[in-house]
$ cat start_34.cif   # mmCIF, C-alpha atoms
data_data
#
loop_
_atom_site.group_PDB
_atom_site.id
_atom_site.type_symbol
_atom_site.label_atom_id
_atom_site.label_comp_id
_atom_site.auth_asym_id
_atom_site.auth_seq_id
_atom_site.Cartn_x
_atom_site.Cartn_y
_atom_site.Cartn_z
ATOM 1 C CA MET A 172 0.000 0.000 0.000
ATOM 2 C CA LEU A 173 2.817 2.439 0.819
ATOM 3 C CA ASN A 174 4.412 1.849 -2.566
ATOM 4 C CA ASN A 175 1.523 3.676 -4.270
ATOM 5 C CA ILE A 176 1.693 6.932 -2.262
ATOM 6 C CA GLY A 177 4.273 8.813 -4.355
ATOM 7 C CA PRO A 178 5.764 12.268 -3.754
ATOM 8 C CA ALA A 179 2.437 14.114 -3.955
ATOM 9 C CA GLY A 180 0.894 11.828 -1.337
ATOM 10 C CA LEU A 181 3.853 12.283 0.996
ATOM 11 C CA LEU A 182 3.570 16.059 0.631
ATOM 12 C CA LEU A 183 -0.135 15.911 1.447
ATOM 13 C CA ILE A 184 0.543 13.787 4.536
ATOM 14 C CA ALA A 185 3.253 16.225 5.682
ATOM 15 C CA ILE A 186 0.861 19.171 5.306
ATOM 16 C CA VAL A 187 -1.889 17.406 7.261
ATOM 17 C CA VAL A 188 0.535 16.528 10.078
ATOM 18 C CA LEU A 189 1.814 20.117 10.161
ATOM 19 C CA VAL A 190 -1.721 21.496 10.388
ATOM 20 C CA LEU A 191 -2.778 19.022 13.084
ATOM 21 C CA PHE A 192 0.228 19.348 15.376
ATOM 22 C CA GLY A 193 1.693 22.742 14.532
ATOM 23 C CA ARG A 194 5.236 23.707 13.687
ATOM 24 C CA GLY A 195 6.382 24.167 17.299
ATOM 25 C CA LYS A 196 5.185 20.747 18.435
ATOM 26 C CA ILE A 197 6.848 19.005 15.478
ATOM 27 C CA ALA A 198 10.112 20.904 16.025
ATOM 28 C CA GLY A 199 10.112 19.871 19.685
ATOM 29 C CA LEU A 200 9.433 16.270 18.754
ATOM 30 C CA MET A 201 12.293 16.239 16.225
ATOM 31 C CA GLY A 202 14.590 17.730 18.879
ATOM 32 C CA GLU A 203 13.694 14.885 21.242
ATOM 33 C CA VAL A 204 14.298 12.338 18.483
ATOM 34 C CA GLY A 205 17.728 13.890 17.861
ATOM 35 C CA LYS A 206 18.586 13.718 21.574
ATOM 36 C CA GLY A 207 17.513 10.080 21.647
ATOM 37 C CA ILE A 208 19.707 9.213 18.670
ATOM 38 C CA THR A 209 22.664 11.003 20.259
ATOM 39 C CA ALA A 210 22.153 9.163 23.561
ATOM 40 C CA PHE A 211 21.904 5.836 21.713
ATOM 41 C CA LYS A 212 25.143 6.472 19.813
ATOM 42 C CA ARG A 213 26.899 7.489 23.042
ATOM 43 C CA GLY A 214 25.682 4.301 24.742
ATOM 44 C CA VAL A 215 26.913 2.127 21.887
ATOM 45 C CA LYS A 216 30.301 3.873 21.936
ATOM 46 C CA ASP A 217 30.630 3.536 25.728
ATOM 47 C CA SER A 218 29.703 -0.142 25.717
ATOM 48 C CA THR A 219 32.128 -0.824 22.854
ATOM 49 C CA GLN A 220 34.930 0.842 24.819
ATOM 50 C CA GLU A 221 33.957 -1.111 27.933
ATOM 51 C CA ILE A 222 34.111 -4.393 26.010
ATOM 52 C CA GLU A 223 37.502 -3.489 24.531
ATOM 53 C CA ASN A 224 38.846 -2.538 27.980
ATOM 54 C CA ALA A 225 37.574 -5.791 29.466
ATOM 55 C CA SER A 226 39.136 -7.716 26.595
ATOM 56 C CA ASN A 227 42.489 -5.997 27.088
ATOM 57 C CA THR A 228 42.371 -6.637 30.830
ATOM 58 C CA ALA A 229 41.473 -10.288 30.263
ATOM 59 C CA ASP A 230 44.402 -10.668 27.845
ATOM 60 C CA ASP A 231 46.802 -9.308 30.471
ATOM 61 C CA THR A 232 45.548 -11.566 33.254
ATOM 62 C CA THR A 233 45.290 -14.733 31.172
ATOM 63 C CA ALA A 234 48.749 -14.495 29.623
ATOM 64 C CA ALA A 235 51.028 -17.459 30.289
ATOM 65 C CA ARG A 236 53.370 -16.982 33.210
ATOM 66 C CA ASP A 237 56.454 -18.928 34.147
ATOM 67 C CA VAL A 238 55.588 -20.685 37.389
ATOM 68 C CA THR A 239 58.724 -22.817 37.559
ATOM 69 C CA PRO A 240 60.346 -22.567 40.975
ATOM 70 C CA ARG A 241 63.217 -20.082 41.006
ATOM 71 C CA ALA A 242 65.874 -22.670 41.854
ATOM 72 C CA GLU A 243 65.008 -24.754 38.786
ATOM 73 C CA ARG A 244 65.026 -21.680 36.525
ATOM 74 C CA ASP A 245 68.460 -20.643 37.774
ATOM 75 C CA ASN A 246 69.910 -24.122 37.144
ATOM 76 C CA ALA A 247 68.587 -24.351 33.611
#
$ encode --input "start_34.cif" --output "structure tokens"
Amino acid sequence: MLNNIGPAGLLLIAIVVLVLFGRGKIAGLMGEVGKGITAFKRGVKDSTQEIENASNTADDTTAARDVTPRAERDNA
């Protein structure tokens, strides 16, 4: 059904929405949508950094260590 709307239909819908809600209400709504997108991007970035930090920390703690007693290492 949406494939048959076309540019003229979209323009008509935009005009009806503008008349019903008013320019100020739509501008406020778009501002809130923009803030939501920004917060979502920030959350994704923060969680990605947190995962990378955890991965780096895990690599450091799980690295192989030499646990041979010191006397045996010195004799080798």
$ atom_distance --input "start_34.cif" --atom1 "atom CA of A:Asn227" --atom2 "atom CA of A:Pro240"
28.0 Å
$ atom_distance --input "start_34.cif" --atom1 "atom CA of A:Lys196" --atom2 "atom CA of A:Ile184"
16.2 Å
$ axis_aligned_box --input "start_34.cif" --around "stretch 175-190 of chain A" --padding-each-side "8 Å" --output "JSON"
{"center_x": 1.9, "center_y": 12.6, "center_z": 3.0, "size_x": 23.7, "size_y": 33.8, "size_z": 30.7}
